[in-house]
>>> print(open('target00.txt').read())   # compact mmCIF, C-alpha atoms
# COMPACT_ATOMS: atom_id res chain seq x y z
CA VAL A 1 0.00 0.00 0.00
CA THR A 2 1.49 3.33 -1.02
CA ASN A 3 2.57 5.75 1.73
CA CYS A 4 1.44 3.53 4.58
CA HIS A 5 2.15 0.33 6.47
CA GLU A 6 1.29 -2.68 4.35
CA LEU A 7 -1.55 -4.99 5.31
CA LYS A 8 0.03 -8.36 4.55
CA LEU A 9 -2.53 -10.86 3.30
CA LYS A 10 -1.69 -14.19 1.72
CA LYS A 11 -4.03 -15.67 -0.82
CA ASN A 12 -3.57 -19.43 -1.00
CA SER A 13 -6.87 -20.40 -2.63
CA LYS A 14 -10.12 -19.09 -4.01
CA GLU A 15 -11.78 -19.73 -0.64
CA ASP A 16 -9.01 -17.87 1.19
CA GLY A 17 -9.35 -15.02 -1.29
CA THR A 18 -13.07 -14.72 -0.57
CA LYS A 19 -12.43 -14.67 3.19
CA ILE A 20 -9.74 -12.02 2.79
CA LYS A 21 -11.99 -9.84 0.63
CA LYS A 22 -14.78 -10.09 3.22
CA PHE A 23 -12.30 -9.29 6.03
CA VAL A 24 -10.99 -6.19 4.22
CA ASN A 25 -14.53 -4.97 3.53
CA ILE A 26 -15.34 -5.28 7.24
CA LEU A 27 -12.25 -3.24 8.10
CA ILE A 28 -13.15 -0.55 5.59
CA LEU A 29 -16.66 -0.26 6.99
CA ASN A 30 -15.38 -0.11 10.57
CA LYS A 31 -13.95 3.38 10.92
CA SER A 32 -12.40 2.51 14.29
CA VAL A 33 -9.88 0.28 12.51
CA MET A 34 -7.20 1.85 10.33
CA ILE A 35 -5.75 -0.08 7.42
CA ARG A 36 -3.69 2.87 6.33
CA VAL A 37 -1.46 4.98 8.51
CA SER A 38 -1.64 8.47 7.09
CA LYS A 39 1.56 10.45 6.69
CA VAL A 40 -0.24 13.69 7.52
CA ILE A 41 -1.73 13.78 11.02
CA ASP A 42 -3.71 16.89 11.94
CA ASN A 43 -6.08 15.78 14.74
CA ASP A 44 -8.94 16.70 12.41
CA LYS A 45 -9.17 13.99 9.77
CA ILE A 46 -6.56 11.86 11.49
CA LYS A 47 -5.89 12.01 15.25
CA LEU A 48 -2.40 11.30 16.54
CA ILE A 49 -3.71 9.13 19.40
CA ASN A 50 -5.37 6.80 16.88
CA VAL A 51 -2.20 6.48 14.80
CA LEU A 52 -0.10 5.69 17.87
CA GLU A 53 -2.62 3.15 19.15
CA ASN A 54 -2.60 1.50 15.74
CA ILE A 55 1.17 1.09 15.39
CA CYS A 56 2.45 0.75 18.98
CA GLY A 57 2.01 -3.01 19.01
CA ASP A 58 4.60 -3.44 16.25
CA TYR A 59 7.49 -1.93 18.22
CA GLN A 60 9.36 -2.49 21.49
CA GLU A 61 11.01 0.90 22.00
CA LEU A 62 9.55 4.40 22.19
CA ALA A 63 11.35 7.75 22.31
CA ILE A 64 9.40 10.99 22.75
CA ALA A 65 10.60 14.60 22.70
CA THR A 66 7.95 17.08 23.76
CA GLY A 67 7.68 20.76 24.67
CA TYR A 68 5.34 19.84 27.50
CA TRP A 69 3.78 16.81 29.20
CA ASP A 70 0.58 16.14 31.11
CA LEU A 71 -0.85 13.11 32.88
CA LEU A 72 -3.99 13.13 30.75
CA GLY A 73 -1.95 12.41 27.64
CA SER A 74 -0.21 9.45 29.26
CA CYS A 75 -3.57 8.19 30.51
CA LEU A 76 -4.85 7.97 26.93
CA LEU A 77 -1.92 5.77 25.90
CA ILE A 78 -1.18 3.94 29.17
CA GLU A 79 -2.32 0.47 28.05
CA LYS A 80 0.05 0.66 25.07
CA LEU A 81 2.94 1.99 27.18
CA LYS A 82 2.77 -1.14 29.34
CA ASN A 83 3.95 -3.27 26.42
CA PHE A 84 7.17 -1.43 25.57
CA SER A 85 10.53 -2.73 26.73
CA LYS A 86 12.10 0.75 26.68
CA ILE A 87 10.54 4.21 26.86
CA ARG A 88 12.42 7.52 26.92
CA ILE A 89 10.62 10.84 27.35
CA LEU A 90 12.57 14.09 26.95
CA ILE A 91 10.57 17.05 28.23
CA GLY A 92 11.51 20.56 27.17
CA LYS A 93 10.23 24.06 27.58
CA GLU A 94 8.50 25.99 24.83
CA PRO A 95 9.45 29.70 24.46
CA LEU A 96 6.31 31.24 25.95
CA LEU A 97 8.03 34.01 27.92
CA SER A 98 8.23 37.68 26.94
CA ARG A 99 10.88 38.55 24.34
CA TYR A 100 13.39 40.09 26.74
CA ASN A 101 13.63 36.81 28.64
CA ILE A 102 13.43 34.46 25.67
CA LYS A 103 16.82 32.80 26.26
CA ASN A 104 16.20 31.84 29.87
CA VAL A 105 14.35 28.74 31.02
CA GLU A 106 12.91 29.10 34.53
CA LYS A 107 14.82 27.11 37.15
CA ASP A 108 11.59 25.75 38.64
CA PHE A 109 10.37 24.38 35.31
CA PRO A 110 8.60 22.02 35.03
CA GLU A 111 7.99 21.32 38.74
CA LYS A 112 5.78 24.37 39.27
CA ASP A 113 3.83 23.80 36.05
CA PHE A 114 3.25 20.07 36.65
CA PHE A 115 2.22 20.68 40.26
CA LYS A 116 -0.35 23.29 39.15
CA ASP A 117 -1.78 21.00 36.47
CA LEU A 118 -2.03 17.97 38.76
CA GLU A 119 -3.71 19.92 41.56
CA GLU A 120 -6.51 20.92 39.19
CA TYR A 121 -7.43 17.31 38.40
CA ILE A 122 -10.39 15.74 40.16
CA PRO A 123 -9.36 12.46 41.87
CA ASP A 124 -10.04 9.68 39.41
CA GLU A 125 -9.24 5.95 39.36
CA LYS A 126 -7.97 6.05 35.77
CA LEU A 127 -5.54 8.84 36.56
CA LYS A 128 -4.44 7.13 39.77
CA ASN A 129 -3.87 3.89 37.84
CA THR A 130 -1.84 5.83 35.27
CA VAL A 131 0.36 7.19 38.05
CA ILE A 132 0.84 3.68 39.46
CA VAL A 133 1.78 2.25 36.05
CA LEU A 134 4.22 5.09 35.25
CA LYS A 135 5.94 4.69 38.62
CA ASP A 136 6.15 0.93 38.12
CA LEU A 137 7.68 1.35 34.65
CA ILE A 138 10.30 3.69 36.13
CA LYS A 139 11.01 1.27 38.97
CA LYS A 140 11.53 -1.56 36.46
CA GLY A 141 13.94 0.56 34.42
CA ILE A 142 11.64 0.60 31.39
CA LEU A 143 10.65 4.27 31.54
CA GLU A 144 13.20 7.09 31.79
CA ILE A 145 12.35 10.78 32.13
CA LYS A 146 14.74 13.62 31.37
CA ILE A 147 14.30 17.40 31.35
CA TYR A 148 16.12 19.43 28.71
CA ARG A 149 17.34 22.64 30.34
CA LYS A 150 20.08 23.99 28.09
CA ASP A 151 17.74 25.82 25.71
CA PHE A 152 14.06 26.00 24.90
CA LEU A 153 13.03 22.69 23.35
CA HIS A 154 10.18 23.39 20.97
CA ALA A 155 10.46 20.18 18.92
CA LYS A 156 8.03 17.30 19.16
CA CYS A 157 8.73 13.80 17.93
CA TYR A 158 7.58 10.23 18.50
CA ILE A 159 9.97 7.47 17.44
CA LEU A 160 8.93 3.82 17.59
CA SER A 161 11.60 1.28 16.82
CA ASN A 162 12.91 -2.26 16.88
CA GLU A 163 16.59 -1.48 16.48
CA LYS A 164 17.68 -5.11 16.36
CA LYS A 165 15.39 -5.62 13.36
CA ASP A 166 16.12 -2.22 11.80
CA GLU A 167 12.43 -1.32 11.90
CA ALA A 168 11.24 2.15 12.88
CA VAL A 169 8.63 4.85 12.40
CA GLY A 170 9.17 8.53 13.17
CA ILE A 171 6.52 11.20 13.68
CA ILE A 172 7.59 14.84 13.86
CA GLY A 173 5.42 17.91 14.04
CA SER A 174 3.57 20.17 16.47
CA SER A 175 1.89 17.73 18.89
CA ASN A 176 3.11 17.75 22.49
CA PHE A 177 2.70 14.57 24.55
CA THR A 178 -0.46 15.95 26.15
CA LYS A 179 -4.15 15.17 25.82
CA GLN A 180 -4.71 18.20 23.63
CA GLY A 181 -1.65 17.42 21.53
CA LEU A 182 -2.80 13.85 20.94
CA LEU A 183 -6.41 14.49 20.02
CA GLY A 184 -7.66 18.01 20.78
CA ASN A 185 -5.62 20.78 19.20
CA LEU A 186 -5.46 21.35 15.47
CA GLU A 187 -1.93 20.11 14.76
CA LEU A 188 0.27 19.16 11.84
CA ASN A 189 2.53 16.10 12.09
CA SER A 190 4.34 14.08 9.47
CA LEU A 191 4.91 10.32 9.68
CA GLU A 192 8.01 8.74 8.16
CA ASP A 193 7.84 4.96 7.76
CA ASP A 194 11.10 4.48 5.87
CA SER A 195 13.32 2.88 8.54
CA ARG A 196 16.44 3.94 6.65
CA VAL A 197 15.54 7.58 7.20
CA VAL A 198 14.36 7.21 10.81
CA LEU A 199 17.40 5.18 11.94
CA PHE A 200 20.01 6.99 9.84
CA SER A 201 23.15 7.78 11.83
CA PRO A 202 25.25 10.55 10.20
CA LYS A 203 28.93 9.90 9.51
CA PRO A 204 30.55 12.38 9.59
CA HIS A 205 28.65 14.26 12.28
CA SER A 206 28.14 17.26 9.98
CA MET A 207 25.60 15.31 7.91
CA GLU A 208 21.91 15.71 8.67
CA SER A 209 20.51 13.41 11.34
CA GLY A 210 17.90 10.71 11.18
CA HIS A 211 15.05 10.93 13.68
CA LEU A 212 16.61 8.61 16.26
CA SER A 213 20.15 10.03 16.06
CA TRP A 214 18.70 13.54 16.52
CA PHE A 215 16.89 12.37 19.64
CA ASN A 216 19.91 10.49 21.00
CA ASN A 217 22.13 13.55 20.62
CA LEU A 218 19.81 15.58 22.85
CA TRP A 219 19.16 12.70 25.26
CA ASN A 220 22.89 12.14 25.87
CA SER A 221 23.84 15.83 25.96
CA ASP A 222 24.82 17.89 29.01
CA GLY A 223 21.56 19.80 28.71
CA ALA A 224 19.44 16.72 29.53
CA GLU A 225 18.89 16.21 33.26
CA ASP A 226 17.84 12.87 34.76
CA TRP A 227 14.42 13.41 36.30
CA ASN A 228 13.07 9.98 37.27
CA GLY A 229 13.14 10.72 41.01
CA LYS A 230 11.48 14.13 40.88
CA PHE A 231 8.91 12.95 38.34
CA THR A 232 7.96 9.99 40.55
CA GLU A 233 7.66 12.25 43.59
CA ILE A 234 5.49 14.87 41.87
CA ILE A 235 2.96 12.50 40.32
CA GLY A 236 2.88 10.22 43.36
CA GLU A 237 2.17 13.00 45.86
CA SER A 238 -0.35 14.79 43.64
CA SER A 239 -4.09 14.85 44.26
CA VAL A 240 -4.48 11.97 41.80
CA GLY A 241 -1.41 10.06 42.96
CA ASP A 242 -1.06 6.87 44.96
CA MET A 243 0.65 8.40 48.00
CA LEU A 244 -2.38 10.23 49.38
CA PHE A 245 -5.48 8.86 51.09
CA SER A 246 -8.84 9.16 49.33
CA PRO A 247 -11.63 10.97 51.27
CA TYR A 248 -13.02 7.58 52.38
CA GLU A 249 -9.59 6.32 53.44
CA THR A 250 -8.98 9.56 55.33
CA TYR A 251 -12.30 9.13 57.15
CA ILE A 252 -11.54 5.51 58.10
CA LYS A 253 -8.01 6.36 59.22
CA THR A 254 -9.32 9.22 61.36
CA LEU A 255 -11.82 6.91 63.06
CA TYR A 256 -9.08 4.35 63.58
CA GLU A 257 -6.72 6.84 65.21
CA ILE A 258 -9.47 8.11 67.53
CA TYR A 259 -11.03 4.80 68.56
CA LYS A 260 -8.31 2.17 68.10
CA ASP A 261 -7.78 1.77 71.86
CA ASP A 262 -11.51 1.49 72.54
CA VAL A 263 -12.13 -1.24 69.99
CA GLY A 264 -9.01 -3.11 71.01
CA ILE A 265 -7.55 -3.76 67.56
CA GLY A 266 -4.23 -2.15 68.45
CA ASN A 267 -1.63 -2.84 65.82
CA LYS A 268 -3.53 -5.63 64.08
CA ILE A 269 -4.47 -3.33 61.21
CA ASP A 270 -1.87 -1.28 59.36
CA LEU A 271 -3.71 1.45 57.47
CA ASN A 272 -0.48 2.89 56.15
CA ASN A 273 -0.07 -0.01 53.72
>>> encode(input="target00.txt", output="structure tokens")
Amino acid sequence: VTNCHELKLKKNSKEDGTKIKKFVNILILNKSVMIRVSKVIDNDKIKLINVLENICGDYQELAIATGYWDLLGSCLLIEKLKNFSKIRILIGKEPLLSRYNIKNVEKDFPEKDFFKDLEEYIPDEKLKNTVIVLKDLIKKGILEIKIYRKDFLHAKCYILSNEKKDEAVGIIGSSNFTKQGLLGNLELNSLEDDSRVVLFSPKPHSMESGHLSWFNNLWNSDGAEDWNGKFTEIIGESSVGDMLFSPYETYIKTLYEIYKDDVGIGNKIDLNN
């Protein structure tokens, strides 16, 4: 299929051919299933979240560079993230300051911004589960988070790869790894499915980079700061995190602290775990 991932169907007999034709017709009628992966993704005709959901299962590694991140975006893709063997997310800062301060990234970015966003969320089981999964992926060494502080990082890219098999897809454009970037905002992203382009490593260094080598250069640079610990702390201690008691748990714990001696349960119940 031109300009898209191929749907590989093998026709061994007339009966098989009839079954395949029927199967393809069903897929065409079902708009929730994508046979083609469009190279132009605008969140209008084609939403980035749908493209990612459609192709994630074919790859083991994911690298994301984004000008901003929010928990809602990760929540949309969390079931797919569970299946990767390696995930790297490089979070930058978009130049949204006044012109006189355009070269300076705030020292408290993104802690202050993430804290503000998370505090505005209403406690929700899906968000809490997303926090738990993200923390578990970090604990297992699958997910790594870095903050790029050297300059403003305005670029956005999503690179899915199987390096051992020389298979990769790269998406570059305007979509941040946020809910609005994945499905809400009017965006413009371009998908490259030629692995030779995505995985190209320039030699000499002066040559233009492939998608993955561009990402690796930033990821391994002095401007990229390891942020696993701080990221885990911020999302875990947020209003939708797993480190705080829910209103019901707070109520039960309060009753326990007040009446534990009267009911004689002492240390038999550990409400901290």
>>> axis_aligned_box(input="target00.txt", around="range 156-175 of chain A", padding_each_side="4 Å", output="lines of an AutoDock Vina configuration file")
center_x = 9.8
center_y = 7.3
center_z = 15.5
size_x = 23.8
size_y = 33.8
size_z = 15.4
>>> residues_around(input="target00.txt", residues="range 49-66 of chain A", least_positions_apart="6", cutoff="6 Å", atoms="only C-alpha atoms", output="MDAnalysis selection string")
chainID A and resid 84:91 156:162 176:177 182
>>> residues_around(input="target00.txt", residues="range 203-205 of chain A", least_positions_apart="6", cutoff="12 Å", atoms="all atoms listed in the file", output="list in words")
Ser213, Trp214 and Asn217 of chain A
>>> write_last_selection(input="target00.txt", atoms="C-alpha atoms", output="short mmCIF file (atom, residue, chain, number, x, y, z; two decimals), keeping the file's coordinate frame")
data_model
loop_
_atom_site.label_atom_id
_atom_site.label_comp_id
_atom_site.auth_asym_id
_atom_site.auth_seq_id
_atom_site.Cartn_x
_atom_site.Cartn_y
_atom_site.Cartn_z
CA SER A 213 20.15 10.03 16.06
CA TRP A 214 18.70 13.54 16.52
CA ASN A 217 22.13 13.55 20.62
#
>>> atom_distance(input="target00.txt", atom1="CA of Trp219 in chain A", atom2="CA of Lys146 in chain A")
7.6 Å
>>> closest_residue(input="target00.txt", among="A:Asp108, A:Glu225, A:Asp113, A:Asp44", to="Asp70 in chain A", atoms="all atoms listed in the file")
A:Asp113
>>> closest_residue(input="target00.txt", among="A:Lys45, A:Asp226, A:Leu118, A:Ser174", to="Glu187 in chain A", atoms="only C-alpha atoms")
A:Ser174
>>> atom_distance(input="target00.txt", atom1="CA of Glu144 in chain A", atom2="CA of Gly229 in chain A")
9.9 Å
>>> closest_residue(input="target00.txt", among="A:Ile78, A:Lys107, A:Asn216, A:Phe152", to="Ser201 in chain A", atoms="all atoms listed in the file")
A:Asn216
>>> atom_distance(input="target00.txt", atom1="CA of Glu257 in chain A", atom2="CA of Phe115 in chain A")
29.9 Å
>>> decode(input="target00.txt", residues="range 207-228 of chain A", atoms="N, CA and C atoms", output="mmCIF file, in the first residue's frame")
data_model
loop_
_atom_site.group_PDB
_atom_site.id
_atom_site.type_symbol
_atom_site.label_atom_id
_atom_site.label_comp_id
_atom_site.auth_asym_id
_atom_site.auth_seq_id
_atom_site.Cartn_x
_atom_site.Cartn_y
_atom_site.Cartn_z
ATOM 1 N N MET A 207 26.744 15.688 8.740
ATOM 2 C CA MET A 207 25.605 15.310 7.909
ATOM 3 C C MET A 207 24.306 15.455 8.699
ATOM 4 N N GLU A 208 23.199 15.584 7.982
ATOM 5 C CA GLU A 208 21.914 15.708 8.669
ATOM 6 C C GLU A 208 21.558 14.403 9.380
ATOM 7 N N SER A 209 20.817 14.553 10.487
ATOM 8 C CA SER A 209 20.514 13.410 11.339
ATOM 9 C C SER A 209 19.239 12.708 10.912
ATOM 10 N N GLY A 210 19.166 11.412 11.227
ATOM 11 C CA GLY A 210 17.896 10.713 11.178
ATOM 12 C C GLY A 210 17.129 11.034 12.446
ATOM 13 N N HIS A 211 15.886 10.611 12.521
ATOM 14 C CA HIS A 211 15.049 10.926 13.678
ATOM 15 C C HIS A 211 15.692 10.461 14.988
ATOM 16 N N LEU A 212 16.118 9.188 15.018
ATOM 17 C CA LEU A 212 16.613 8.608 16.262
ATOM 18 C C LEU A 212 17.956 9.193 16.666
ATOM 19 N N SER A 213 18.842 9.445 15.712
ATOM 20 C CA SER A 213 20.147 10.025 16.059
ATOM 21 C C SER A 213 19.967 11.449 16.571
ATOM 22 N N TRP A 214 18.996 12.191 16.011
ATOM 23 C CA TRP A 214 18.701 13.542 16.519
ATOM 24 C C TRP A 214 18.268 13.461 17.970
ATOM 25 N N PHE A 215 17.367 12.523 18.270
ATOM 26 C CA PHE A 215 16.888 12.370 19.641
ATOM 27 C C PHE A 215 18.023 11.950 20.571
ATOM 28 N N ASN A 216 18.815 10.984 20.154
ATOM 29 C CA ASN A 216 19.906 10.488 21.000
ATOM 30 C C ASN A 216 20.924 11.572 21.326
ATOM 31 N N ASN A 217 21.182 12.453 20.376
ATOM 32 C CA ASN A 217 22.132 13.545 20.619
ATOM 33 C C ASN A 217 21.649 14.440 21.755
ATOM 34 N N LEU A 218 20.365 14.752 21.770
ATOM 35 C CA LEU A 218 19.809 15.576 22.850
ATOM 36 C C LEU A 218 19.746 14.788 24.157
ATOM 37 N N TRP A 219 19.317 13.554 24.070
ATOM 38 C CA TRP A 219 19.159 12.705 25.257
ATOM 39 C C TRP A 219 20.482 12.531 26.004
ATOM 40 N N ASN A 220 21.569 12.385 25.269
ATOM 41 C CA ASN A 220 22.887 12.139 25.868
ATOM 42 C C ASN A 220 23.698 13.409 26.094
ATOM 43 N N SER A 221 23.113 14.567 25.833
ATOM 44 C CA SER A 221 23.837 15.833 25.963
ATOM 45 C C SER A 221 23.868 16.314 27.412
ATOM 46 N N ASP A 222 24.719 17.308 27.662
ATOM 47 C CA ASP A 222 24.823 17.895 29.005
ATOM 48 C C ASP A 222 23.553 18.646 29.401
ATOM 49 N N GLY A 223 22.765 19.038 28.410
ATOM 50 C CA GLY A 223 21.555 19.796 28.714
ATOM 51 C C GLY A 223 20.399 18.955 29.195
ATOM 52 N N ALA A 224 20.526 17.621 29.101
ATOM 53 C CA ALA A 224 19.444 16.718 29.526
ATOM 54 C C ALA A 224 19.697 16.237 30.946
ATOM 55 N N GLU A 225 18.759 16.535 31.835
ATOM 56 C CA GLU A 225 18.892 16.214 33.261
ATOM 57 C C GLU A 225 18.021 15.019 33.636
ATOM 58 N N ASP A 226 18.610 14.023 34.291
ATOM 59 C CA ASP A 226 17.841 12.874 34.762
ATOM 60 C C ASP A 226 16.754 13.349 35.723
ATOM 61 N N TRP A 227 15.537 12.861 35.532
ATOM 62 C CA TRP A 227 14.415 13.410 36.302
ATOM 63 C C TRP A 227 13.469 12.327 36.800
ATOM 64 N N ASN A 228 13.927 11.082 36.809
ATOM 65 C CA ASN A 228 13.068 9.985 37.271
ATOM 66 C C ASN A 228 12.562 10.207 38.688
#
